[in-house]
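Student: Below is the file protein30.csv, with CSV, C-alpha atoms.
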chain,number,residue,atom,x,y,z
H,224,MET,CA,119.7,87.6,151.2
H,225,THR,CA,123.0,86.3,152.7
H,226,GLY,CA,123.5,82.6,153.3
H,227,PRO,CA,124.4,80.9,156.6
H,228,SER,CA,128.1,80.6,155.7
H,229,GLU,CA,128.6,84.3,155.0
H,230,ASP,CA,129.7,86.8,157.6
H,231,THR,CA,127.2,89.5,158.5
H,232,PRO,CA,128.6,93.0,158.8
H,233,ASP,CA,128.5,92.7,162.7
H,234,ASP,CA,130.4,89.3,162.7
H,235,ALA,CA,133.0,90.8,160.4
H,236,TYR,CA,133.4,93.8,162.7
H,237,GLU,CA,133.8,91.5,165.8
H,238,GLN,CA,136.5,89.4,164.0
H,239,ARG,CA,138.5,92.5,163.1
H,240,ALA,CA,138.2,93.7,166.7
H,241,GLY,CA,139.6,90.4,168.1
H,242,GLY,CA,136.3,88.9,169.0
H,243,ARG,CA,135.2,91.9,171.1
H,244,ALA,CA,132.6,94.2,169.6
H,245,ARG,CA,133.6,97.8,169.7
H,246,ILE,CA,130.8,100.3,169.2
H,247,PRO,CA,132.2,103.6,168.2
H,248,GLY,CA,131.2,106.5,170.5
H,249,PRO,CA,130.4,110.1,169.5
H,250,ARG,CA,133.2,111.9,167.6
H,251,ALA,CA,135.0,114.6,169.5
H,252,ALA,CA,134.9,118.1,168.2
H,253,GLY,CA,138.7,118.1,167.7
H,254,ASP,CA,138.5,115.0,165.4
H,255,ASP,CA,137.7,117.3,162.4
H,256,LEU,CA,141.1,119.0,162.9
H,257,ASP,CA,142.9,115.7,162.5
H,258,ALA,CA,141.0,114.6,159.3
H,259,PRO,CA,143.5,114.3,156.3
H,260,GLU,CA,143.2,117.1,153.7
H,261,THR,CA,141.6,116.0,150.4
H,262,LEU,CA,144.1,116.7,147.5
H,263,PRO,CA,143.2,116.9,143.8
H,264,PRO,CA,144.2,113.9,141.8
H,265,ALA,CA,147.7,114.0,140.3
H,266,PRO,CA,147.8,114.7,136.5
H,267,PRO,CA,148.5,111.8,134.2
H,268,SER,CA,152.2,111.1,133.7
H,269,HIS,CA,154.0,111.8,130.5
H,270,ALA,CA,154.0,108.1,129.6
H,271,VAL,CA,150.2,107.8,130.1
H,272,LEU,CA,149.5,110.9,128.0
H,273,LYS,CA,151.9,109.7,125.3
H,274,SER,CA,150.0,106.3,125.2
H,275,LEU,CA,146.8,108.3,124.6
H,276,LEU,CA,148.0,110.1,121.5
H,277,GLY,CA,146.7,107.4,119.1
H,278,ALA,CA,143.2,107.4,120.6
H,279,TRP,CA,143.3,111.3,120.6
H,280,ALA,CA,144.1,111.3,116.9
H,281,LEU,CA,141.1,109.1,116.2
H,282,ALA,CA,138.9,111.3,118.4
H,283,ALA,CA,138.3,108.3,120.7
H,284,CYS,CA,139.3,109.9,124.0
H,285,SER,CA,136.9,111.0,126.7
H,286,ALA,CA,136.4,114.7,127.3
H,287,GLU,CA,138.8,114.6,130.4
H,288,GLU,CA,141.4,112.7,128.5
H,289,THR,CA,141.2,115.0,125.5
H,290,LYS,CA,141.7,118.1,127.7
H,291,ALA,CA,144.7,116.4,129.5
H,292,VAL,CA,146.3,115.4,126.2
H,293,GLU,CA,145.8,118.9,124.6
H,294,ASP,CA,147.1,120.7,127.7
H,295,HIS,CA,150.2,118.4,127.5
H,296,LEU,CA,150.7,119.1,123.8
H,297,THR,CA,151.2,122.8,124.6
H,298,GLU,CA,154.1,121.9,126.8
H,299,CYS,CA,155.8,118.9,125.2
H,300,ALA,CA,157.2,119.4,121.7
H,301,PRO,CA,158.0,115.7,121.0
H,302,CYS,CA,154.5,114.7,121.8
H,303,ALA,CA,153.1,117.6,119.8
H,304,GLU,CA,155.1,116.5,116.8
H,305,GLU,CA,154.0,112.9,117.2
H,306,ALA,CA,150.3,114.0,117.6
H,307,LEU,CA,150.6,115.9,114.3
H,308,ARG,CA,152.0,112.9,112.5
H,309,LEU,CA,149.3,110.7,113.8
H,310,ARG,CA,146.5,113.1,112.9
H,311,ASP,CA,147.9,113.3,109.3
H,312,ALA,CA,148.0,109.5,109.2
H,313,VAL,CA,144.3,109.4,110.2
H,314,GLY,CA,143.5,111.8,107.4
H,315,LEU,CA,145.0,109.4,104.9
H,316,LEU,CA,142.9,106.6,106.4
H,317,HIS,CA,139.7,108.7,106.1
H,318,PRO,CA,140.2,111.0,103.1
H,319,GLU,CA,137.9,114.0,102.9
H,320,GLU,CA,135.1,113.7,100.5
H,321,SER,CA,133.2,116.4,98.6
H,322,LEU,CA,129.9,117.4,100.3
H,323,ASP,CA,128.4,118.0,96.9
H,324,LEU,CA,125.7,115.5,95.8
H,325,LYS,CA,126.6,113.4,92.9
H,326,PRO,CA,124.8,114.8,89.8
H,327,LEU,CA,122.7,111.7,89.4
H,328,LEU,CA,122.2,110.9,93.1
H,329,ARG,CA,119.0,112.9,93.4
H,330,SER,CA,117.4,111.6,90.3
H,331,ARG,CA,118.4,108.0,91.2
H,332,VAL,CA,116.8,108.3,94.6
H,333,LEU,CA,113.6,109.8,93.1
H,334,GLU,CA,113.5,107.1,90.4
H,335,ASP,CA,113.8,104.4,93.0
H,336,CYS,CA,111.1,106.0,95.2
H,337,LEU,CA,108.8,106.6,92.2
H,338,GLY,CA,109.3,103.0,91.1
H,339,LYS,CA,107.8,101.8,94.3
H,340,ARG,CA,105.1,104.5,94.4
H,341,PRO,CA,104.6,106.6,91.3
H,342,ALA,CA,104.0,110.3,91.8
H,343,ARG,CA,100.4,111.3,91.3
H,344,ILE,CA,101.6,114.6,89.8
H,345,PRO,CA,105.0,114.1,88.2
H,346,VAL,CA,107.4,117.0,87.3
H,347,PRO,CA,107.5,117.6,83.6
H,348,VAL,CA,110.7,116.2,81.9
H,349,TRP,CA,111.6,119.7,80.6
H,350,ALA,CA,111.4,121.1,84.2
H,351,ASN,CA,113.7,118.4,85.7
H,352,PRO,CA,117.0,120.1,84.9
H,353,TYR,CA,115.8,123.3,86.6
H,354,ASP,CA,114.5,121.4,89.6
H,355,THR,CA,117.9,119.5,89.9
H,356,GLU,CA,120.2,122.5,89.4
H,357,THR,CA,118.3,124.7,91.9
H,358,ALA,CA,118.4,121.9,94.5
H,359,ARG,CA,122.2,121.5,93.9
H,360,LEU,CA,122.8,125.2,94.3
H,361,ASP,CA,120.7,125.3,97.5
H,362,ALA,CA,122.7,122.5,98.9
H,363,LEU,CA,125.9,124.5,98.3
H,364,LEU,CA,124.4,127.6,100.0
H,365,ARG,CA,123.0,125.7,103.0
H,366,ASP,CA,126.1,125.9,105.2
H,367,PHE,CA,127.3,129.4,104.1
H,368,GLY,CA,128.1,131.7,107.0
H,369,ASP,CA,127.4,135.5,106.8
H,370,SER,CA,130.9,136.2,105.6
H,371,GLU,CA,130.6,133.8,102.6
H,372,TRP,CA,127.3,135.5,101.5
H,373,HIS,CA,129.3,138.7,101.1
H,374,THR,CA,132.2,137.0,99.1
H,375,PRO,CA,132.9,139.0,95.9
H,376,VAL,CA,131.7,137.3,92.7
H,377,ARG,CA,132.5,138.6,89.2
H,378,LEU,CA,129.7,137.9,86.7
H,379,LYS,CA,130.9,137.5,83.1
H,380,TRP,CA,129.1,137.6,79.8
H,381,PHE,CA,129.8,138.6,76.1
H,382,GLU,CA,128.1,141.5,74.4
H,383,GLU,CA,128.8,143.2,71.0
H,384,GLU,CA,131.8,141.0,70.6
H,385,ARG,CA,133.3,142.2,73.8
H,386,ARG,CA,133.6,140.6,77.2
H,387,ARG,CA,131.6,142.3,80.0
H,388,THR,CA,131.9,141.8,83.7
H,389,HIS,CA,130.1,143.0,86.8
H,390,ARG,CA,131.2,142.7,90.4
H,391,THR,CA,128.6,141.6,93.0
H,392,THR,CA,128.4,139.2,96.0
H,393,VAL,CA,127.1,135.7,96.5
H,394,ALA,CA,123.9,137.2,97.8
H,395,GLY,CA,123.8,139.5,94.8
H,396,VAL,CA,124.0,136.5,92.5
H,397,ILE,CA,121.1,134.7,94.2
H,398,GLY,CA,119.1,138.0,93.9
H,399,HIS,CA,119.9,138.0,90.2
H,400,LEU,CA,118.6,134.4,89.8
H,401,LEU,CA,115.5,135.3,91.9
H,402,THR,CA,114.8,138.3,89.7
H,403,VAL,CA,115.2,136.6,86.3
H,404,ASP,CA,113.3,133.5,87.4
H,405,GLY,CA,110.5,136.0,88.2
H,406,MET,CA,109.9,136.5,84.5
H,407,ILE,CA,108.7,132.9,84.4
H,408,ALA,CA,106.6,133.5,87.5
H,409,THR,CA,104.8,136.4,85.9
H,410,ALA,CA,104.2,134.4,82.7
H,411,LEU,CA,102.5,131.8,84.9
H,412,GLY,CA,100.4,134.4,86.6
H,413,LEU,CA,102.3,134.2,89.9
H,414,ASP,CA,103.6,137.2,92.0
H,415,ASP,CA,106.6,139.1,90.6
H,416,PRO,CA,109.4,139.0,93.2
H,417,LEU,CA,110.1,142.7,92.4
H,418,GLY,CA,106.6,143.7,93.3
H,419,PRO,CA,104.5,146.4,91.7
H,420,LYS,CA,107.5,148.6,91.1
H,421,ALA,CA,109.1,146.1,88.6
H,422,PRO,CA,110.3,147.9,85.4
H,423,PRO,CA,107.6,147.3,82.8
H,424,GLY,CA,108.8,145.2,79.9
H,425,GLY,CA,112.3,145.0,81.4
H,426,GLY,CA,114.7,142.3,80.4
H,427,PRO,CA,117.0,140.4,82.7
H,428,ALA,CA,119.6,143.2,82.9
H,429,ASP,CA,117.0,145.9,83.7
H,430,ARG,CA,115.3,143.8,86.3
H,431,THR,CA,118.6,142.8,87.9
H,432,GLU,CA,119.8,146.4,88.2
H,433,HIS,CA,116.4,147.3,89.7
H,434,PHE,CA,116.8,144.6,92.3
H,435,TRP,CA,120.4,145.5,93.2
H,436,ASN,CA,119.4,149.2,93.6
H,437,SER,CA,116.0,149.0,95.2
H,438,SER,CA,115.3,145.5,96.3
H,439,PRO,CA,112.3,144.6,98.5
H,440,TYR,CA,114.6,141.9,99.9
H,441,PRO,CA,117.9,142.7,101.7
H,442,VAL,CA,120.9,141.6,99.6
H,443,THR,CA,122.1,139.3,102.4
H,444,ARG,CA,121.7,135.6,103.2
H,445,LYS,CA,118.0,136.4,103.7
H,446,VAL,CA,117.6,136.4,99.9
H,447,ARG,CA,118.0,132.6,99.8
H,448,GLU,CA,114.5,131.9,101.3
H,449,PRO,CA,112.5,133.8,98.7
H,450,TRP,CA,114.6,132.4,95.8
H,451,ARG,CA,114.2,128.9,97.1
H,452,ALA,CA,110.4,129.3,97.7
H,453,GLN,CA,109.9,130.8,94.3
H,454,GLY,CA,111.7,127.9,92.6
H,455,HIS,CA,109.6,125.3,94.5
H,456,THR,CA,106.4,127.2,93.5
H,457,LEU,CA,107.5,127.3,89.8
H,458,VAL,CA,108.1,123.5,89.7
H,459,ARG,CA,104.9,122.8,91.6
H,460,THR,CA,102.8,125.1,89.3
H,461,VAL,CA,104.0,123.6,86.0
H,462,SER,CA,103.5,120.1,87.4
H,463,PHE,CA,99.9,120.8,88.0
H,464,ALA,CA,99.3,122.8,84.9
H,465,GLY,CA,99.4,119.9,82.3
H,466,ARG,CA,101.1,119.4,79.0
H,467,GLY,CA,100.0,122.5,77.1
H,468,VAL,CA,101.8,124.9,79.5
H,469,ALA,CA,105.2,124.1,77.9
H,470,GLU,CA,104.3,126.3,74.9
H,471,LEU,CA,103.4,129.3,77.0
H,472,SER,CA,105.5,132.3,75.9
H,473,VAL,CA,107.9,133.8,78.4
H,474,ASP,CA,108.9,137.4,77.6
H,475,TYR,CA,112.6,138.2,78.1
H,476,GLY,CA,112.3,141.8,77.0
H,477,GLY,CA,114.1,141.6,73.6
H,478,PHE,CA,113.0,138.1,72.8
H,479,ALA,CA,110.7,135.3,74.0
H,480,LEU,CA,111.0,131.6,74.7
H,481,PRO,CA,108.4,128.8,75.1
H,482,LEU,CA,108.1,127.9,78.8
H,483,GLY,CA,109.8,124.6,78.3
H,484,ASP,CA,112.9,126.2,76.8
H,485,ALA,CA,112.7,129.0,79.4
H,486,PHE,CA,113.0,126.4,82.2
H,487,LEU,CA,116.0,124.9,80.4
H,488,GLU,CA,117.6,128.3,80.1
H,489,ARG,CA,117.1,129.0,83.8
H,490,ALA,CA,118.6,125.6,84.7
H,491,PHE,CA,121.6,126.5,82.6
H,492,GLU,CA,122.1,129.9,84.2
H,493,CYS,CA,121.6,128.4,87.7
H,494,TRP,CA,124.4,126.0,87.0
H,495,VAL,CA,126.7,128.7,85.5
H,496,HIS,CA,126.2,131.0,88.5
H,497,ALA,CA,126.5,128.2,91.0
H,498,TRP,CA,129.9,127.5,89.3
H,499,ASP,CA,130.7,131.2,89.7
H,500,ILE,CA,129.9,131.1,93.4
H,501,ALA,CA,131.8,127.8,94.0
H,502,GLU,CA,134.8,129.3,92.3
H,503,ALA,CA,134.6,132.5,94.5
H,504,VAL,CA,134.5,130.5,97.7
H,505,ASP,CA,137.1,127.9,96.4
H,506,TYR,CA,134.8,124.9,96.5
H,507,PRO,CA,134.5,122.1,93.9
H,508,TYR,CA,131.3,122.0,91.9
H,509,GLU,CA,130.4,119.3,89.4
H,510,PRO,CA,128.7,119.8,86.0
H,511,PRO,CA,125.1,118.7,85.4
H,512,SER,CA,124.3,115.1,84.6
H,513,GLY,CA,124.9,114.0,81.0
H,514,PRO,CA,121.2,113.9,80.0
H,515,HIS,CA,120.5,117.3,81.5
H,516,LEU,CA,123.7,118.8,80.0
H,517,HIS,CA,122.6,117.5,76.6
H,518,ARG,CA,119.3,119.3,76.9
H,519,MET,CA,121.1,122.6,77.7
H,520,ILE,CA,123.5,122.2,74.8
H,521,ASP,CA,120.6,121.3,72.5
H,522,LEU,CA,118.8,124.6,73.5
H,523,ALA,CA,121.9,126.6,72.7
H,524,ALA,CA,122.3,124.9,69.4
H,525,ARG,CA,118.7,125.6,68.5
H,526,LEU,CA,119.1,129.3,69.4
H,527,LEU,CA,122.2,129.8,67.3
H,528,PRO,CA,120.5,130.4,64.0
H,529,GLY,CA,118.6,133.3,65.5
H,530,ALA,CA,121.9,134.9,66.3
H,531,LEU,CA,123.4,134.4,62.8
H,532,ALA,CA,122.9,136.3,59.5
H,533,GLY,CA,124.7,134.8,56.6
H,534,ALA,CA,124.3,133.8,53.0
H,535,PRO,CA,121.2,131.5,52.2
H,536,GLY,CA,121.8,127.8,52.0
H,537,ARG,CA,124.9,127.5,54.3
H,538,THR,CA,125.0,124.9,57.1
H,539,LEU,CA,127.6,124.3,59.8
H,540,HIS,CA,128.0,121.0,61.6
H,541,LEU,CA,128.6,121.3,65.3
H,542,GLU,CA,130.0,118.3,67.1
H,543,ILE,CA,130.0,118.4,70.9
H,544,GLU,CA,132.2,115.9,72.7
H,545,GLY,CA,132.0,114.5,76.2
H,546,ALA,CA,129.1,114.1,78.6
H,547,GLY,CA,125.9,115.5,77.1
H,548,GLY,CA,127.4,115.7,73.7
H,549,GLY,CA,126.1,115.0,70.2
H,550,GLY,CA,125.9,116.5,66.7
H,551,TRP,CA,123.9,119.4,65.4
H,552,ASP,CA,123.5,120.9,62.0
H,553,ILE,CA,123.2,124.7,62.3
H,554,ALA,CA,121.5,126.8,59.5
H,555,LEU,CA,123.6,129.9,58.9
H,556,ASP,CA,121.1,132.0,56.9
H,557,SER,CA,118.0,132.6,59.1
H,558,PRO,CA,116.2,131.0,62.0
H,559,ALA,CA,113.4,129.8,59.6
H,560,ALA,CA,115.9,128.0,57.3
H,561,LYS,CA,116.4,124.2,57.5
H,562,PRO,CA,120.0,122.9,57.7
H,563,SER,CA,121.2,120.6,55.0
H,564,ARG,CA,124.2,118.3,55.2
H,565,GLU,CA,124.6,118.7,51.4
H,566,HIS,CA,125.3,122.4,51.9
H,567,THR,CA,127.7,122.0,54.9
H,568,VAL,CA,130.4,124.6,54.6
H,569,ALA,CA,132.3,124.0,57.8
H,570,GLU,CA,132.6,121.6,60.8
H,571,VAL,CA,133.4,122.5,64.4
H,572,ALA,CA,134.2,120.2,67.3
H,573,LEU,CA,134.1,121.4,70.9
H,574,ASP,CA,134.1,119.8,74.4
H,575,GLY,CA,130.7,120.0,76.0
H,576,LEU,CA,131.8,122.0,79.1
H,577,GLU,CA,133.9,124.3,77.0
H,578,PHE,CA,130.9,125.0,74.7
H,579,CYS,CA,128.8,125.8,77.7
H,580,GLN,CA,131.5,128.2,79.0
H,581,LEU,CA,131.5,129.9,75.6
H,582,ALA,CA,127.7,130.1,75.6
H,583,ALA,CA,127.8,131.5,79.1
H,584,GLY,CA,130.3,134.2,78.1
H,585,HIS,CA,133.0,132.8,80.5
H,586,ILE,CA,135.5,132.4,77.7
H,587,SER,CA,135.8,134.3,74.4
H,588,PRO,CA,135.6,132.7,70.9
H,589,GLU,CA,139.4,133.2,70.6
H,590,GLU,CA,140.0,131.2,73.8
H,591,ALA,CA,137.8,128.2,72.8
H,592,ALA,CA,139.9,125.1,71.9
H,593,VAL,CA,138.1,124.3,68.6
H,594,GLY,CA,138.7,121.6,66.1
H,595,GLN,CA,137.6,123.1,62.8
H,596,THR,CA,137.6,122.6,59.1
H,597,GLY,CA,136.0,124.5,56.3
H,598,ASP,CA,134.8,128.1,55.9
H,599,ARG,CA,136.7,130.2,58.4
H,600,GLU,CA,134.2,133.0,58.3
H,601,ALA,CA,131.3,130.7,59.0
H,602,ILE,CA,133.2,129.2,62.0
H,603,ARG,CA,133.9,132.6,63.4
H,604,ASP,CA,130.3,133.6,63.0
H,605,VAL,CA,129.0,130.6,64.9
H,606,LEU,CA,131.5,131.0,67.7
H,607,PHE,CA,130.7,134.6,68.2
H,608,ALA,CA,127.0,133.8,67.9
H,609,ALA,CA,127.4,131.2,70.7
H,610,ALA,CA,129.1,133.8,72.9
H,611,SER,CA,126.4,136.3,72.2
H,612,LEU,CA,123.8,134.0,73.8
H,613,SER,CA,125.2,135.1,77.1
H,614,ARG,CA,124.0,138.1,79.1
H,615,LEU,CA,123.9,139.5,82.6
Write the structure described by the file as structure tokens, please.

Tutor:
Amino acid sequence: MTGPSEDTPDDAYEQRAGGRARIPGPRAAGDDLDAPETLPPAPPSHAVLKSLLGAWALAACSAEETKAVEDHLTECAPCAEEALRLRDAVGLLHPEESLDLKPLLRSRVLEDCLGKRPARIPVPVWANPYDTETARLDALLRDFGDSEWHTPVRLKWFEEERRRTHRTTVAGVIGHLLTVDGMIATALGLDDPLGPKAPPGGGPADRTEHFWNSSPYPVTRKVREPWRAQGHTLVRTVSFAGRGVAELSVDYGGFALPLGDAFLERAFECWVHAWDIAEAVDYPYEPPSGPHLHRMIDLAARLLPGALAGAPGRTLHLEIEGAGGGGWDIALDSPAAKPSREHTVAEVALDGLEFCQLAAGHISPEEAAVGQTGDREAIRDVLFAAASLSRL
């Protein structure tokens, strides 16, 4: 509502008309011809666009301003050079960070959540490394485009004291993991991902070759979903199964492992092949957390006596340095023998990650940077035995 001292629209009109009200009559047809032509707004000046470069570098311009600035940069070399300098400066203020999760982030979040509300059905401790490594690899794969799924990957392992390699793709590697994880699935009474045509009694290599040659799943990005679903099912199944399930035997064709060790072995291979994939697409990938890495190294150290055959009574002390490290006494005569510090004939020191590379067949025994003292033959036997733990 207007107050008494304010002019109404009619009063104001009369004042502008010199006190005499003029009521406009109907507009003549010719008036439209005399209407001024509406012109598009003039583009911003060079000075205005130059003043917007800082906001443009910080991505703080509106859509219209961004288009005007970028159109200007195609025509003005000095402004283009200044824009590049400002964009580089912004990059220094906001350095790019790895998209990989920190190795302990997931476990810390879970630990905090479980501290507030304990899980009714916790994941067994021996299954945690597998659960973590599959989640980390899945995070790496999540944003892969079609072309990245077909990136060449060279798998490496050591066999009969010789390095072996096989060329495949990122999708082929995930199919390999799906196939070998399937041996745990069948041990638990779950469906075999290879279906009824799976090679009977086949080991990891036979099953993988079968998958690559006649897979029920296309070797494309579509293999991610069955691999991921199978991993979740494995973890959920052992979580509900109770303690005794850790001793269930898993047949690997030429040998067998208790289920608890099989889960550790699958966690190790998942990490190794995630490393292969990350290297192929030129992306950084962190090693497992210290406690999980220690469990993987411990498994390899426990398997070493089964790959050795020497004179009774000998022991080698293996010292692993760095995250996940520790000391292990390795019996050199047979898997059933007990190591003895009194009969130690040699000592070997290795970095933890380098030992894992050796056990994965990614480096040869001759390439390993080893600190060593004592019986040279025993040291060579252990290094070659560690490399022989690898396979396709």

Student: Taking all atoms listed in the file into account, name the residue in H:Ala306, H:Leu555, H:Ala503, H:Ile543 that is nearest to H:Ala572.

Tutor: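 The shortest atom-to-atom distance to H:Ala572 comes from H:Ile543.
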
Student: Can you tell me, as a list in words, what residues are no more than 9 Å from H:Val403 when counting only C-alpha atoms, ignoring any on the same chain fewer than 5 positions away?

Tutor: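 Returned residues: Gly398, Gly426, Pro427, Ala428, Arg430, Thr431, Tyr475 and Arg489 of chain H.
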
Student: Measuring between all atoms listed in the file, which one of H:Val313, H:Cys302, H:Thr567, H:Asp354 shows the shortest distance to H:Leu281?

Tutor: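 Going through H:Val313, H:Cys302, H:Thr567, H:Asp354 one by one, the smallest distance to H:Leu281 is for H:Val313.
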
Student: Using all atoms listed in the file, collect all residues at a distance of at most 12 Å from (143.8, 112.3, 127.7) as written in the file, then present them as a CSV table (one decimal) with C-alpha atoms, in the coordinates of the input.

Tutor:
chain,number,residue,atom,x,y,z
H,266,PRO,CA,147.8,114.7,136.5
H,267,PRO,CA,148.5,111.8,134.2
H,268,SER,CA,152.2,111.1,133.7
H,269,HIS,CA,154.0,111.8,130.5
H,270,ALA,CA,154.0,108.1,129.6
H,271,VAL,CA,150.2,107.8,130.1
H,272,LEU,CA,149.5,110.9,128.0
H,273,LYS,CA,151.9,109.7,125.3
H,274,SER,CA,150.0,106.3,125.2
H,275,LEU,CA,146.8,108.3,124.6
H,276,LEU,CA,148.0,110.1,121.5
H,277,GLY,CA,146.7,107.4,119.1
H,278,ALA,CA,143.2,107.4,120.6
H,279,TRP,CA,143.3,111.3,120.6
H,280,ALA,CA,144.1,111.3,116.9
H,282,ALA,CA,138.9,111.3,118.4
H,283,ALA,CA,138.3,108.3,120.7
H,284,CYS,CA,139.3,109.9,124.0
H,285,SER,CA,136.9,111.0,126.7
H,286,ALA,CA,136.4,114.7,127.3
H,287,GLU,CA,138.8,114.6,130.4
H,288,GLU,CA,141.4,112.7,128.5
H,289,THR,CA,141.2,115.0,125.5
H,290,LYS,CA,141.7,118.1,127.7
H,291,ALA,CA,144.7,116.4,129.5
H,292,VAL,CA,146.3,115.4,126.2
H,293,GLU,CA,145.8,118.9,124.6
H,294,ASP,CA,147.1,120.7,127.7
H,295,HIS,CA,150.2,118.4,127.5
H,296,LEU,CA,150.7,119.1,123.8

Student: Between H:Ala546, H:Leu541, H:Leu573, H:Cys579, which has the minimum distance to H:Ile520 (counting all atoms listed in the file)?

Tutor: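 Nearest candidate to H:Ile520 out of H:Ala546, H:Leu541, H:Leu573, H:Cys579: H:Cys579.
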
Student: Residues of stretch 448-493 of chain H that approach stretch 342-351 of chain H to 8 Å or less, counting only C-alpha atoms: could you list each one with the shortest pair of atoms and its distance in Å to one decimal, rows by chain and increasing residue number, as a tab-separated table?

Tutor:
residue	atom	partner	partner_atom	distance
H:Val458	CA	H:Ala350	CA	6.8
H:Arg459	CA	H:Val346	CA	7.6
H:Val461	CA	H:Pro347	CA	7.3
H:Ser462	CA	H:Val346	CA	5.0
H:Phe463	CA	H:Ile344	CA	6.7
H:Gly483	CA	H:Trp349	CA	5.7
H:Asp484	CA	H:Trp349	CA	7.6
H:Phe486	CA	H:Ala350	CA	5.9
H:Leu487	CA	H:Trp349	CA	6.8

Student: With C-alpha atoms retained, write the just-selected residues as a PDB file, keeping the file's coordinate frame.

Tutor:
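File written: result-v2.pdb
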ATOM      1  CA  VAL H 458     108.100 123.500  89.700  1.00  0.00           C
ATOM      2  CA  ARG H 459     104.900 122.800  91.600  1.00  0.00           C
ATOM      3  CA  VAL H 461     104.000 123.600  86.000  1.00  0.00           C
ATOM      4  CA  SER H 462     103.500 120.100  87.400  1.00  0.00           C
ATOM      5  CA  PHE H 463      99.900 120.800  88.000  1.00  0.00           C
ATOM      6  CA  GLY H 483     109.800 124.600  78.300  1.00  0.00           C
ATOM      7  CA  ASP H 484     112.900 126.200  76.800  1.00  0.00           C
ATOM      8  CA  PHE H 486     113.000 126.400  82.200  1.00  0.00           C
ATOM      9  CA  LEU H 487     116.000 124.900  80.400  1.00  0.00           C
TER      10      LEU H 487
END

Student: With only C-alpha atoms as the atoms that count, which of H:Gly575, H:Pro507, H:Gly395, H:Gly548 lies nearest to H:Asn436?

Tutor: H:Gly395

Student: Compare H:Gly454, H:Gly536, H:Gly513, H:Pro419 by their minimum atom-to-atom distance to H:Asp404, counting only C-alpha atoms, and give me the closest one.

Tutor: H:Gly454

Student: Nearest to H:Glu565 among H:Leu539, H:Ala408, H:Ala609, H:Ala497, with distances taken over all atoms listed in the file: which residue is it?

Tutor: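 Closest residue, counting all atoms listed in the file: H:Leu539.
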